[in-house]
$ cat run_32.txt   # compact mmCIF, C-alpha atoms and all ligand atoms
# COMPACT_ATOMS: atom_id res chain seq x y z
CA MET A 312 25.10 -29.76 -118.18
CA LYS A 313 27.72 -30.26 -115.45
CA THR A 314 29.13 -27.03 -114.03
CA LEU A 315 31.31 -26.04 -111.08
CA LYS A 316 28.21 -26.13 -108.86
CA ASP A 317 28.06 -29.91 -109.26
CA PHE A 318 31.46 -30.41 -107.62
CA ASN A 319 33.07 -29.70 -104.28
CA PHE A 320 36.72 -29.13 -105.01
CA GLU A 321 37.94 -29.52 -101.42
CA ASN A 322 41.37 -31.20 -101.54
CA LYS A 323 40.92 -31.76 -105.25
CA LYS A 324 43.28 -30.72 -108.00
CA ALA A 325 41.37 -29.13 -110.86
CA LEU A 326 43.02 -29.38 -114.26
CA ILE A 327 41.59 -26.31 -116.00
CA ARG A 328 41.84 -25.56 -119.71
CA VAL A 329 41.85 -21.78 -119.86
CA ASP A 330 42.34 -19.49 -122.85
CA PHE A 331 45.32 -17.36 -121.88
CA ASN A 332 46.25 -16.74 -125.50
CA VAL A 333 46.75 -13.06 -124.74
CA PRO A 334 48.51 -10.41 -126.84
CA LEU A 335 52.09 -9.52 -125.79
CA ASN A 336 54.14 -6.49 -126.81
CA ASP A 337 57.82 -6.53 -127.82
CA GLY A 338 58.81 -6.48 -124.14
CA PHE A 339 56.65 -9.59 -123.55
CA GLU A 340 54.11 -7.66 -121.50
CA VAL A 341 50.44 -8.55 -121.67
CA THR A 342 48.64 -5.73 -123.49
CA ASP A 343 45.08 -7.00 -122.99
CA ALA A 344 44.27 -9.20 -120.00
CA THR A 345 40.58 -9.70 -120.82
CA ARG A 346 40.97 -13.45 -121.21
CA ILE A 347 42.69 -13.80 -117.85
CA VAL A 348 40.02 -11.67 -116.18
CA SER A 349 37.34 -13.86 -117.81
CA ALA A 350 38.79 -17.02 -116.24
CA LYS A 351 39.03 -15.53 -112.74
CA PRO A 352 35.58 -16.55 -111.38
CA THR A 353 36.23 -20.22 -112.13
CA ILE A 354 39.69 -20.21 -110.54
CA ILE A 355 38.58 -18.32 -107.43
CA LYS A 356 35.55 -20.57 -106.90
CA ILE A 357 37.77 -23.68 -106.92
CA LEU A 358 40.30 -22.11 -104.54
CA GLU A 359 37.49 -21.03 -102.19
CA ASP A 360 36.18 -24.58 -102.17
CA GLY A 361 39.59 -25.65 -100.81
CA GLY A 362 40.91 -27.01 -104.07
CA SER A 363 43.96 -26.20 -106.16
CA CYS A 364 44.18 -25.13 -109.81
CA ILE A 365 46.42 -26.42 -112.55
CA LEU A 366 46.04 -24.02 -115.45
CA MET A 367 46.83 -25.09 -119.00
CA SER A 368 46.69 -22.94 -122.12
CA HIS A 369 48.27 -22.30 -125.46
CA LEU A 370 49.92 -19.02 -126.43
CA GLY A 371 50.31 -18.14 -130.09
CA ARG A 372 51.51 -20.61 -132.66
CA PRO A 373 55.02 -21.71 -131.66
CA LYS A 374 57.01 -24.06 -133.84
CA GLY A 375 58.44 -26.20 -131.06
CA PHE A 376 59.95 -24.77 -127.87
CA GLU A 377 60.23 -21.09 -128.78
CA ASP A 378 60.96 -18.85 -125.80
CA ALA A 379 58.89 -15.97 -127.24
CA PHE A 380 55.78 -18.09 -126.74
CA SER A 381 56.55 -19.19 -123.18
CA LEU A 382 53.73 -18.75 -120.67
CA LYS A 383 56.38 -17.63 -118.16
CA HIS A 384 55.90 -14.15 -119.69
CA ILE A 385 52.37 -13.93 -118.36
CA VAL A 386 52.86 -15.26 -114.81
CA ASN A 387 53.07 -11.77 -113.26
CA LYS A 388 49.95 -10.61 -115.04
CA VAL A 389 48.00 -13.71 -113.98
CA GLU A 390 49.11 -13.06 -110.38
CA ASP A 391 48.01 -9.42 -110.64
CA VAL A 392 44.60 -10.32 -111.98
CA LEU A 393 43.93 -13.19 -109.59
CA GLY A 394 45.58 -11.66 -106.54
CA VAL A 395 47.13 -15.03 -105.73
CA GLU A 396 50.68 -16.33 -106.16
CA VAL A 397 51.09 -18.42 -109.31
CA LYS A 398 53.69 -21.19 -109.57
CA PHE A 399 55.06 -21.96 -113.02
CA VAL A 400 56.45 -25.19 -114.41
CA GLU A 401 58.52 -25.30 -117.61
CA ASP A 402 56.63 -28.18 -119.16
CA CYS A 403 53.03 -29.26 -119.47
CA ILE A 404 53.60 -33.03 -119.31
CA GLY A 405 56.23 -35.41 -117.95
CA ALA A 406 58.17 -35.72 -114.70
CA LYS A 407 58.59 -32.00 -113.98
CA ALA A 408 54.94 -31.17 -114.54
CA GLU A 409 53.79 -34.20 -112.57
CA ALA A 410 56.02 -33.35 -109.60
CA ALA A 411 54.82 -29.73 -109.58
CA ALA A 412 51.19 -30.85 -109.72
CA ALA A 413 51.72 -33.45 -106.98
CA ASN A 414 53.26 -30.83 -104.67
CA LEU A 415 50.39 -28.41 -105.12
CA LYS A 416 48.49 -27.65 -101.87
CA PRO A 417 44.87 -26.54 -101.52
CA GLY A 418 44.59 -22.82 -102.35
CA GLN A 419 47.56 -22.88 -104.71
CA ILE A 420 47.79 -22.29 -108.46
CA LEU A 421 50.15 -23.85 -110.96
CA LEU A 422 50.51 -22.60 -114.53
CA LEU A 423 51.84 -25.11 -117.07
CA GLU A 424 54.09 -24.25 -120.00
CA ASN A 425 52.58 -23.68 -123.46
CA LEU A 426 50.59 -26.72 -124.62
CA ARG A 427 51.47 -25.98 -128.24
CA TYR A 428 55.16 -26.61 -127.66
CA TYR A 429 53.97 -30.11 -128.49
CA SER A 430 52.43 -30.73 -131.92
CA GLU A 431 50.47 -33.51 -130.24
CA GLU A 432 48.23 -30.84 -128.71
CA THR A 433 46.65 -29.63 -131.96
CA ALA A 434 46.79 -33.16 -133.39
CA GLY A 435 44.47 -34.25 -130.57
CA ASP A 436 46.93 -37.00 -129.62
CA LYS A 437 45.50 -39.49 -127.16
CA GLY A 438 48.82 -40.33 -125.45
CA PHE A 439 49.56 -36.65 -124.89
CA ALA A 440 46.04 -36.12 -123.50
CA GLU A 441 46.54 -39.06 -121.14
CA GLN A 442 49.76 -37.49 -119.85
CA LEU A 443 47.92 -34.22 -119.19
CA SER A 444 45.15 -36.11 -117.43
CA LYS A 445 47.61 -37.43 -114.82
CA LEU A 446 47.98 -33.92 -113.40
CA GLY A 447 44.49 -33.38 -112.00
CA ASP A 448 41.54 -35.08 -110.30
CA VAL A 449 38.79 -33.13 -112.07
CA TYR A 450 38.87 -31.64 -115.58
CA VAL A 451 37.34 -28.21 -116.06
CA ASN A 452 37.02 -26.64 -119.51
CA ASP A 453 36.75 -22.87 -119.37
CA ALA A 454 38.18 -22.01 -122.78
CA PHE A 455 35.40 -21.05 -125.16
CA GLY A 456 37.89 -19.59 -127.66
CA THR A 457 39.22 -23.08 -128.44
CA ALA A 458 36.04 -25.11 -127.84
CA HIS A 459 35.62 -25.58 -131.61
CA ARG A 460 38.93 -27.42 -131.82
CA ALA A 461 39.27 -31.14 -131.07
CA HIS A 462 42.68 -30.62 -129.49
CA ALA A 463 44.18 -32.80 -126.77
CA SER A 464 43.61 -30.31 -123.93
CA THR A 465 40.20 -29.07 -125.09
CA THR A 466 38.51 -32.32 -126.03
CA ILE A 467 40.48 -35.59 -125.94
CA VAL A 468 41.64 -35.18 -122.32
CA ALA A 469 38.00 -35.23 -121.18
CA ASP A 470 37.83 -38.96 -122.04
CA PHE A 471 40.09 -39.64 -119.06
CA PHE A 472 37.77 -37.93 -116.55
CA ASP A 473 34.63 -40.03 -116.66
CA GLY A 474 32.10 -38.39 -114.31
CA LYS A 475 34.78 -35.94 -113.17
CA LYS A 476 34.56 -33.18 -115.76
CA CYS A 477 32.59 -29.98 -116.04
CA PHE A 478 32.28 -26.56 -117.67
CA GLY A 479 33.89 -23.58 -115.99
CA ASN A 480 31.83 -20.44 -115.37
CA LEU A 481 32.92 -18.69 -118.55
CA LEU A 482 32.16 -21.59 -120.86
CA ALA A 483 28.84 -22.20 -119.10
CA GLN A 484 27.94 -18.53 -119.62
CA GLU A 485 28.80 -18.70 -123.31
CA ILE A 486 26.66 -21.81 -123.79
CA GLU A 487 23.79 -20.23 -121.90
CA SER A 488 23.97 -17.00 -123.94
CA ILE A 489 23.97 -18.81 -127.27
CA GLY A 490 21.07 -20.94 -126.02
CA LYS A 491 19.12 -17.81 -125.15
CA VAL A 492 19.35 -16.69 -128.77
CA MET A 493 19.17 -19.98 -130.64
CA GLU A 494 16.72 -21.95 -128.49
CA THR A 495 14.97 -20.17 -125.66
CA GLY A 496 15.04 -16.54 -126.74
CA GLU A 497 11.98 -14.41 -125.98
CA LYS A 498 10.32 -13.33 -129.24
CA PRO A 499 10.68 -11.37 -131.41
CA VAL A 500 14.21 -12.63 -132.03
CA LEU A 501 16.53 -10.52 -134.21
CA ALA A 502 19.88 -11.37 -135.76
CA ILE A 503 22.05 -8.63 -137.20
CA LEU A 504 24.70 -9.89 -139.57
CA GLY A 505 27.25 -7.49 -140.96
CA GLY A 506 30.86 -7.65 -141.99
CA ALA A 507 32.58 -7.95 -145.29
CA LYS A 508 31.46 -11.10 -147.06
CA VAL A 509 28.33 -13.16 -147.63
CA SER A 510 30.46 -16.25 -148.24
CA SER A 511 31.82 -16.31 -144.68
CA LYS A 512 28.32 -16.05 -143.17
CA ILE A 513 26.24 -18.27 -145.47
CA THR A 514 25.98 -21.23 -143.13
CA ILE A 515 25.04 -18.90 -140.28
CA ILE A 516 22.30 -17.26 -142.34
CA GLU A 517 20.88 -20.61 -143.38
CA ASN A 518 20.87 -21.93 -139.81
CA ILE A 519 19.56 -18.74 -138.29
CA LEU A 520 16.53 -18.40 -140.59
CA ASP A 521 14.90 -21.16 -138.52
CA LYS A 522 15.49 -19.31 -135.26
CA VAL A 523 14.73 -15.64 -135.83
CA ASP A 524 11.79 -13.39 -136.65
CA HIS A 525 13.91 -10.56 -138.08
CA LEU A 526 17.24 -10.54 -139.87
CA ILE A 527 19.21 -7.38 -140.59
CA ILE A 528 21.83 -7.83 -143.30
CA GLY A 529 24.29 -4.95 -143.17
CA GLY A 530 27.89 -4.04 -143.87
CA GLY A 531 29.66 -5.07 -147.04
CA MET A 532 27.50 -8.20 -147.25
CA ALA A 533 24.43 -6.17 -148.08
CA PHE A 534 25.71 -5.12 -151.54
CA THR A 535 25.55 -8.66 -152.91
CA PHE A 536 21.85 -8.69 -151.97
CA VAL A 537 21.27 -5.22 -153.43
CA LYS A 538 22.97 -6.02 -156.76
CA ALA A 539 21.23 -9.40 -156.99
CA GLN A 540 17.91 -7.54 -156.87
CA GLY A 541 18.96 -5.19 -159.67
CA GLY A 542 20.47 -2.32 -157.66
CA LYS A 543 23.39 -0.23 -158.93
CA ILE A 544 26.18 -0.52 -156.36
CA GLY A 545 29.07 1.37 -157.99
CA ASN A 546 32.40 0.07 -156.74
CA SER A 547 31.01 -1.45 -153.52
CA ILE A 548 32.31 -4.80 -152.31
CA CYS A 549 30.29 -7.62 -153.89
CA GLU A 550 30.51 -11.35 -154.47
CA ASP A 551 28.86 -11.81 -157.87
CA ASP A 552 28.98 -15.59 -157.63
CA LYS A 553 26.89 -15.41 -154.45
CA MET A 554 24.06 -13.41 -156.03
CA PRO A 555 21.88 -16.45 -156.84
CA LEU A 556 22.35 -17.59 -153.25
CA ALA A 557 21.34 -14.16 -151.99
CA LEU A 558 18.09 -14.39 -153.96
CA GLU A 559 17.50 -17.90 -152.63
CA ILE A 560 17.98 -16.63 -149.06
CA LEU A 561 15.39 -13.92 -149.65
CA GLU A 562 12.94 -16.57 -150.92
CA GLN A 563 13.66 -18.88 -147.98
CA ALA A 564 13.12 -16.02 -145.55
CA LYS A 565 9.72 -15.30 -147.11
CA ALA A 566 8.72 -18.96 -146.82
CA LYS A 567 9.85 -19.03 -143.19
CA ASN A 568 8.15 -15.78 -142.31
CA VAL A 569 11.41 -14.08 -141.42
CA GLN A 570 11.49 -10.36 -142.13
CA ILE A 571 14.75 -9.39 -143.80
CA HIS A 572 15.94 -5.81 -143.51
CA ILE A 573 18.58 -4.49 -145.91
CA PRO A 574 20.00 -0.94 -145.78
CA VAL A 575 18.13 1.59 -147.91
CA ASP A 576 20.89 4.18 -148.08
CA THR A 577 24.64 4.20 -147.65
CA ILE A 578 27.56 6.50 -147.02
CA ALA A 579 29.49 6.29 -150.26
CA ALA A 580 33.19 7.16 -150.49
CA ASP A 581 35.27 7.94 -153.58
CA ASP A 582 38.24 6.12 -152.09
CA PHE A 583 38.79 3.39 -149.49
CA SER A 584 40.45 5.77 -147.05
CA ASN A 585 39.48 7.76 -143.98
CA ASP A 586 39.83 11.14 -145.72
CA ALA A 587 37.95 10.18 -148.88
CA ASN A 588 35.13 12.41 -150.09
CA LYS A 589 31.81 11.01 -148.95
CA LYS A 590 28.13 11.47 -149.61
CA THR A 591 24.87 9.80 -148.66
CA VAL A 592 23.17 7.98 -151.52
CA ASP A 593 20.33 5.58 -152.13
CA ILE A 594 21.77 2.06 -151.80
CA THR A 595 20.33 1.02 -155.17
CA ASP A 596 21.85 3.99 -156.95
CA ILE A 597 25.52 4.31 -156.07
CA PRO A 598 27.46 6.22 -158.75
CA ASP A 599 30.38 4.59 -160.54
CA GLY A 600 33.67 5.36 -158.81
CA TRP A 601 31.97 5.42 -155.40
CA GLU A 602 31.60 2.59 -152.90
CA GLY A 603 29.25 2.05 -149.97
CA VAL A 604 31.23 2.00 -146.74
CA ASP A 605 28.69 2.64 -143.97
CA ALA A 606 24.97 2.53 -143.22
CA GLY A 607 23.23 5.78 -144.14
CA PRO A 608 20.93 7.79 -141.80
CA LYS A 609 17.68 6.28 -143.14
CA SER A 610 19.06 2.76 -142.66
CA ARG A 611 20.15 3.59 -139.12
CA ALA A 612 16.64 4.82 -138.32
CA LEU A 613 15.09 1.73 -139.91
CA PHE A 614 17.37 -0.60 -137.98
CA HIS A 615 16.71 1.32 -134.77
CA ASP A 616 12.97 0.64 -135.14
CA VAL A 617 13.58 -3.07 -135.73
CA VAL A 618 15.99 -3.35 -132.78
CA MET A 619 13.54 -1.60 -130.45
CA GLN A 620 10.76 -4.07 -131.35
CA CYS A 621 12.83 -7.13 -130.46
CA LYS A 622 13.33 -8.92 -127.16
CA THR A 623 16.32 -11.05 -128.14
CA ILE A 624 19.15 -9.63 -130.24
CA LEU A 625 22.23 -11.23 -131.73
CA TRP A 626 24.84 -8.98 -133.33
CA ASN A 627 27.63 -10.33 -135.50
CA GLY A 628 29.59 -8.08 -137.84
CA PRO A 629 29.91 -4.29 -138.22
CA LEU A 630 27.61 -2.17 -140.42
CA GLY A 631 30.51 -0.39 -142.09
CA VAL A 632 34.25 -0.02 -142.27
CA PHE A 633 34.31 0.97 -138.59
CA GLU A 634 38.12 0.80 -138.37
CA MET A 635 38.10 4.15 -140.20
CA GLU A 636 36.61 6.88 -138.04
CA SER A 637 34.79 8.46 -140.99
CA PHE A 638 32.85 5.24 -141.65
CA ALA A 639 32.09 4.16 -138.07
CA GLU A 640 28.89 6.08 -137.46
CA GLY A 641 26.48 3.39 -138.66
CA THR A 642 28.10 0.78 -136.41
CA ILE A 643 28.06 3.21 -133.46
CA ALA A 644 24.39 4.04 -134.09
CA LEU A 645 23.52 0.34 -134.09
CA GLY A 646 25.47 -0.12 -130.84
CA ASN A 647 23.43 2.72 -129.31
CA SER A 648 20.16 1.16 -130.48
CA ILE A 649 21.10 -2.23 -129.02
CA ALA A 650 22.20 -0.59 -125.76
CA GLU A 651 18.82 1.16 -125.51
CA ALA A 652 16.88 -2.04 -126.24
CA THR A 653 18.97 -3.85 -123.62
CA LYS A 654 18.18 -1.15 -121.08
CA ASN A 655 14.50 -1.71 -121.85
CA GLY A 656 14.83 -5.41 -121.04
CA ALA A 657 15.95 -7.12 -124.25
CA PHE A 658 18.68 -9.78 -124.12
CA SER A 659 21.59 -8.89 -126.40
CA LEU A 660 24.51 -11.05 -127.38
CA VAL A 661 27.46 -9.72 -129.36
CA GLY A 662 29.73 -12.33 -130.82
CA GLY A 663 32.19 -13.28 -133.47
CA GLY A 664 35.27 -11.28 -134.38
CA ASP A 665 34.94 -7.71 -135.51
CA SER A 666 31.68 -6.76 -133.83
CA VAL A 667 33.32 -7.60 -130.48
CA ALA A 668 36.22 -5.30 -131.40
CA ALA A 669 33.73 -2.57 -132.36
CA VAL A 670 31.74 -2.97 -129.14
CA LYS A 671 34.91 -2.63 -127.08
CA GLN A 672 36.29 0.24 -129.13
CA PHE A 673 33.12 2.29 -128.81
CA GLY A 674 32.42 1.48 -125.15
CA PHE A 675 29.28 -0.65 -125.49
CA GLU A 676 30.69 -3.63 -123.61
CA LYS A 677 28.79 -2.95 -120.39
CA LYS A 678 25.63 -1.85 -122.21
CA VAL A 679 24.85 -5.17 -123.87
CA SER A 680 23.88 -8.37 -122.06
CA TYR A 681 26.82 -10.51 -123.09
CA VAL A 682 29.95 -10.16 -125.23
CA SER A 683 31.29 -13.50 -126.37
CA THR A 684 34.97 -14.32 -125.86
CA GLY A 685 35.30 -16.70 -128.80
CA GLY A 686 35.43 -15.66 -132.44
CA GLY A 687 35.59 -18.92 -134.40
CA ALA A 688 33.80 -20.87 -131.66
CA MET A 689 30.94 -18.37 -131.71
CA LEU A 690 30.62 -18.49 -135.49
CA GLU A 691 30.52 -22.30 -135.47
CA SER A 692 27.89 -22.25 -132.72
CA LEU A 693 25.75 -19.91 -134.81
CA GLU A 694 26.18 -22.25 -137.75
CA GLY A 695 24.46 -24.86 -135.59
CA LYS A 696 27.53 -27.05 -135.08
CA THR A 697 28.14 -28.90 -131.84
CA LEU A 698 31.57 -27.83 -130.67
CA PRO A 699 33.88 -30.76 -129.83
CA GLY A 700 35.06 -29.16 -126.58
CA ILE A 701 31.46 -28.87 -125.41
CA ALA A 702 30.43 -32.33 -126.62
CA ALA A 703 33.38 -33.87 -124.73
CA ILE A 704 32.09 -32.56 -121.39
CA LEU A 705 28.53 -33.64 -122.13
CA ALA A 706 29.65 -37.17 -123.14
P1 LIG B 801 33.70 -9.90 -140.78
O1 LIG B 801 35.03 -10.37 -140.27
O2 LIG B 801 33.12 -10.73 -141.86
O3 LIG B 801 32.73 -9.62 -139.65
O4 LIG B 801 33.98 -8.51 -141.49
C1 LIG B 801 34.44 -7.40 -140.79
C2 LIG B 801 34.98 -6.43 -141.76
O5 LIG B 801 33.99 -6.01 -142.65
C3 LIG B 801 35.51 -5.17 -141.11
O6 LIG B 801 36.90 -5.13 -141.26
C4 LIG B 801 34.85 -4.04 -141.89
O7 LIG B 801 35.74 -3.03 -142.25
C5 LIG B 801 34.36 -4.75 -143.13
N1 LIG B 801 33.23 -4.05 -143.76
C6 LIG B 801 32.06 -3.72 -143.22
N2 LIG B 801 31.31 -3.03 -144.09
C7 LIG B 801 32.03 -2.91 -145.23
C8 LIG B 801 31.80 -2.29 -146.50
N3 LIG B 801 30.66 -1.66 -146.75
N4 LIG B 801 32.77 -2.39 -147.44
C9 LIG B 801 33.91 -3.01 -147.17
N5 LIG B 801 34.19 -3.63 -146.00
C10 LIG B 801 33.25 -3.57 -145.04
$ encode --input "run_32.txt" --output "structure tokens" --more "lines below"
Ligand code: AMP
Amino acid sequence: MKTLKDFNFENKKALIRVDFNVPLNDGFEVTDATRIVSAKPTIIKILEDGGSCILMSHLGRPKGFEDAFSLKHIVNKVEDVLGVEVKFVEDCIGAKAEAAAANLKPGQILLLENLRYYSEETAGDKGFAEQLSKLGDVYVNDAFGTAHRAHASTTIVADFFDGKKCFGNLLAQEIESIGKVMETGEKPVLAILGGAKVSSKITIIENILDKVDHLIIGGGMAFTFVKAQGGKIGNSICEDDKMPLALEILEQAKAKNVQIHIPVDTIAADDFSNDANKKTVDITDIPDGWEGVDAGPKSRALFHDVVMQCKTILWNGPLGVFEMESFAEGTIALGNSIAEATKNGAFSLVGGGDSVAAVKQFGFEKKVSYVSTGGGAMLESLEGKTLPGIAAILA
């Protein structure tokens, strides 16, 4: 696996695919700079080597050259975060971009205009990728968030940098963290899958049964398993057509010696709203008109025991409707358990969409080993897929 350590960037121009797809408010100010902060180590390392950085990214989903999606809006924020002046060029290919790249001196940074102003980017167009490739001497991919897309700047461009391409620090860290769970994790290995639907996590469950010793199935997903086994789930979220699959998963887990843990009680609400009436009930006996919206106290205690036994922990998906304060306690309790296990030496990885939001919202970010920066990319990695952006560097 080629990383920044394998290159000396002195007098070299690094063409870096970063993920600066950051949220902007109505005044075009960056409201969350996490992605820029995440790319900083790679950029600084190259500058310290005596190289220069040409940063390329997409921002949103523009239809053509829409000013609202211009990367010019983020230049100041990138400068703030990096503490270095950032030059900006109003195109990502062609004469202007090439001239700006050619004039770049060691220690300098150039930010290119939005890659997705060109439809060729998402189409993975070879000619467009070749034009991008003219800008730098070495290609560095540091954008995990788009590594599952075979776009021109994430994948195809790598073909033009034979022997001169590598992973940036962020992408290398992501790959390493996933590897620690899926391949080299110290046993016992635990995966916690929550969230709304079984259907969106099926491939992950199937892949993960070969990797883990324990699997906690929580959140809305759990009710399909409970009902499939004959439980009464009231109005809880359920995918009836996935019940046979749920039973099959339970059988597979038995055959593979994986211990599956499903909640035993739930916080039931009489309405899907924060100020609904709520009560704790057995998960197999939820009254009609009530729905399970969070893990109950017995389930939290059960999950705590499982988490504390394990040395490697993957967490994907909340245990309840954590967006509503009244139903966030189960997810917070799980975060606390994982934080405690991590403090005791376990490796914990949080990844994929809403669990990352929950971890940030409740302040667990620094208390787990690693929080992934890529939603879709993380999910596809857990499904066992080789991401095109990663394969292109390894090729
Ligand atoms: P996912 O994107 O699949 O990880 O699902 C995350 C969503 O699952 C969050 O928006 C949660 O509100 C939702 N969720 C978790 N538990 C439940 C539940 N018991 N009933 C309904 N939705 C849930």
$ residues_near_ligand --input "run_32.txt" --ligand "ligand LIG 801 (chain B)" --cutoff "7 Å" --atoms "all atoms listed in the file" --output "PyMOL selection string"
chain A and resi 505-508+511+530-531+547-548+603-605+627-634+664-666
$ write_last_selection --input "run_32.txt" --atoms "C-alpha atoms" --output "PDB file, keeping the file's coordinate frame"
ATOM      1  CA  GLY A 505      27.250  -7.490-140.960  1.00  0.00           C
ATOM      2  CA  GLY A 506      30.860  -7.650-141.990  1.00  0.00           C
ATOM      3  CA  ALA A 507      32.580  -7.950-145.290  1.00  0.00           C
ATOM      4  CA  LYS A 508      31.460 -11.100-147.060  1.00  0.00           C
ATOM      5  CA  SER A 511      31.820 -16.310-144.680  1.00  0.00           C
ATOM      6  CA  GLY A 530      27.890  -4.040-143.870  1.00  0.00           C
ATOM      7  CA  GLY A 531      29.660  -5.070-147.040  1.00  0.00           C
ATOM      8  CA  SER A 547      31.010  -1.450-153.520  1.00  0.00           C
ATOM      9  CA  ILE A 548      32.310  -4.800-152.310  1.00  0.00           C
ATOM     10  CA  GLY A 603      29.250   2.050-149.970  1.00  0.00           C
ATOM     11  CA  VAL A 604      31.230   2.000-146.740  1.00  0.00           C
ATOM     12  CA  ASP A 605      28.690   2.640-143.970  1.00  0.00           C
ATOM     13  CA  ASN A 627      27.630 -10.330-135.500  1.00  0.00           C
ATOM     14  CA  GLY A 628      29.590  -8.080-137.840  1.00  0.00           C
ATOM     15  CA  PRO A 629      29.910  -4.290-138.220  1.00  0.00           C
ATOM     16  CA  LEU A 630      27.610  -2.170-140.420  1.00  0.00           C
ATOM     17  CA  GLY A 631      30.510  -0.390-142.090  1.00  0.00           C
ATOM     18  CA  VAL A 632      34.250  -0.020-142.270  1.00  0.00           C
ATOM     19  CA  PHE A 633      34.310   0.970-138.590  1.00  0.00           C
ATOM     20  CA  GLU A 634      38.120   0.800-138.370  1.00  0.00           C
ATOM     21  CA  GLY A 664      35.270 -11.280-134.380  1.00  0.00           C
ATOM     22  CA  ASP A 665      34.940  -7.710-135.510  1.00  0.00           C
ATOM     23  CA  SER A 666      31.680  -6.760-133.830  1.00  0.00           C
TER      24      SER A 666
END
$ closest_atom_pairs --input "run_32.txt" --of "region 348-389 of chain A" --to "region 422-438 of chain A" --cutoff "8 Å" --atoms "only C-alpha atoms" --output "JSON lines"
{"residue": "A:Ile365", "atom": "CA", "partner": "A:Leu422", "partner_atom": "CA", "distance": 5.9}
{"residue": "A:Leu366", "atom": "CA", "partner": "A:Leu422", "partner_atom": "CA", "distance": 4.8}
{"residue": "A:Met367", "atom": "CA", "partner": "A:Leu423", "partner_atom": "CA", "distance": 5.4}
{"residue": "A:Ser368", "atom": "CA", "partner": "A:Leu426", "partner_atom": "CA", "distance": 6.0}
{"residue": "A:His369", "atom": "CA", "partner": "A:Asn425", "partner_atom": "CA", "distance": 4.9}
{"residue": "A:Leu370", "atom": "CA", "partner": "A:Asn425", "partner_atom": "CA", "distance": 6.1}
{"residue": "A:Arg372", "atom": "CA", "partner": "A:Arg427", "partner_atom": "CA", "distance": 7.0}
{"residue": "A:Pro373", "atom": "CA", "partner": "A:Tyr428", "partner_atom": "CA", "distance": 6.3}
{"residue": "A:Lys374", "atom": "CA", "partner": "A:Tyr428", "partner_atom": "CA", "distance": 6.9}
{"residue": "A:Gly375", "atom": "CA", "partner": "A:Tyr428", "partner_atom": "CA", "distance": 4.7}
{"residue": "A:Phe376", "atom": "CA", "partner": "A:Tyr428", "partner_atom": "CA", "distance": 5.1}
{"residue": "A:Glu377", "atom": "CA", "partner": "A:Tyr428", "partner_atom": "CA", "distance": 7.6}
{"residue": "A:Phe380", "atom": "CA", "partner": "A:Asn425", "partner_atom": "CA", "distance": 7.2}
{"residue": "A:Ser381", "atom": "CA", "partner": "A:Asn425", "partner_atom": "CA", "distance": 6.0}
{"residue": "A:Leu382", "atom": "CA", "partner": "A:Glu424", "partner_atom": "CA", "distance": 5.6}
{"residue": "A:Lys383", "atom": "CA", "partner": "A:Glu424", "partner_atom": "CA", "distance": 7.2}
{"residue": "A:Val386", "atom": "CA", "partner": "A:Leu422", "partner_atom": "CA", "distance": 7.7}
$ residues_around --input "run_32.txt" --residues "Asp330 (chain A)" --least-positions-apart "6" --cutoff "10 Å" --atoms "all atoms listed in the file" --output "PDB file with C-alpha atoms, in the frame of the given file"
ATOM      1  CA  ARG A 346      40.970 -13.450-121.210  1.00  0.00           C
ATOM      2  CA  ILE A 347      42.690 -13.800-117.850  1.00  0.00           C
ATOM      3  CA  SER A 349      37.340 -13.860-117.810  1.00  0.00           C
ATOM      4  CA  ALA A 350      38.790 -17.020-116.240  1.00  0.00           C
ATOM      5  CA  LEU A 366      46.040 -24.020-115.450  1.00  0.00           C
ATOM      6  CA  MET A 367      46.830 -25.090-119.000  1.00  0.00           C
ATOM      7  CA  SER A 368      46.690 -22.940-122.120  1.00  0.00           C
ATOM      8  CA  HIS A 369      48.270 -22.300-125.460  1.00  0.00           C
ATOM      9  CA  LEU A 370      49.920 -19.020-126.430  1.00  0.00           C
ATOM     10  CA  ASN A 452      37.020 -26.640-119.510  1.00  0.00           C
ATOM     11  CA  ASP A 453      36.750 -22.870-119.370  1.00  0.00           C
ATOM     12  CA  ALA A 454      38.180 -22.010-122.780  1.00  0.00           C
ATOM     13  CA  PHE A 455      35.400 -21.050-125.160  1.00  0.00           C
ATOM     14  CA  GLY A 456      37.890 -19.590-127.660  1.00  0.00           C
ATOM     15  CA  THR A 457      39.220 -23.080-128.440  1.00  0.00           C
ATOM     16  CA  ALA A 458      36.040 -25.110-127.840  1.00  0.00           C
ATOM     17  CA  THR A 684      34.970 -14.320-125.860  1.00  0.00           C
ATOM     18  CA  GLY A 685      35.300 -16.700-128.800  1.00  0.00           C
TER      19      GLY A 685
END
$ residues_around --input "run_32.txt" --residues "Gln540 (chain A)" --least-positions-apart "4" --cutoff "9 Å" --atoms "all atoms listed in the file" --output "list of chain:residue names"
A:Thr535, A:Phe536, A:Met554, A:Ala557, A:Leu558
$ atom_distance --input "run_32.txt" --atom1 "CA of Ile571 (chain A)" --atom2 "CA of Ala502 (chain A)"
9.7 Å
$ residues_near_point --input "run_32.txt" --point "(23.4, -7.9, -142.0)" --cutoff "6 Å" --atoms "all atoms listed in the file" --output "ChimeraX atom specification"
/A:503-505,527-529
$ write_last_selection --input "run_32.txt" --atoms "C-alpha atoms" --output "compact mmCIF listing (two decimals), in the coordinates of the input"
# COMPACT_ATOMS: atom_id res chain seq x y z
CA ILE A 503 22.05 -8.63 -137.20
CA LEU A 504 24.70 -9.89 -139.57
CA GLY A 505 27.25 -7.49 -140.96
CA ILE A 527 19.21 -7.38 -140.59
CA ILE A 528 21.83 -7.83 -143.30
CA GLY A 529 24.29 -4.95 -143.17
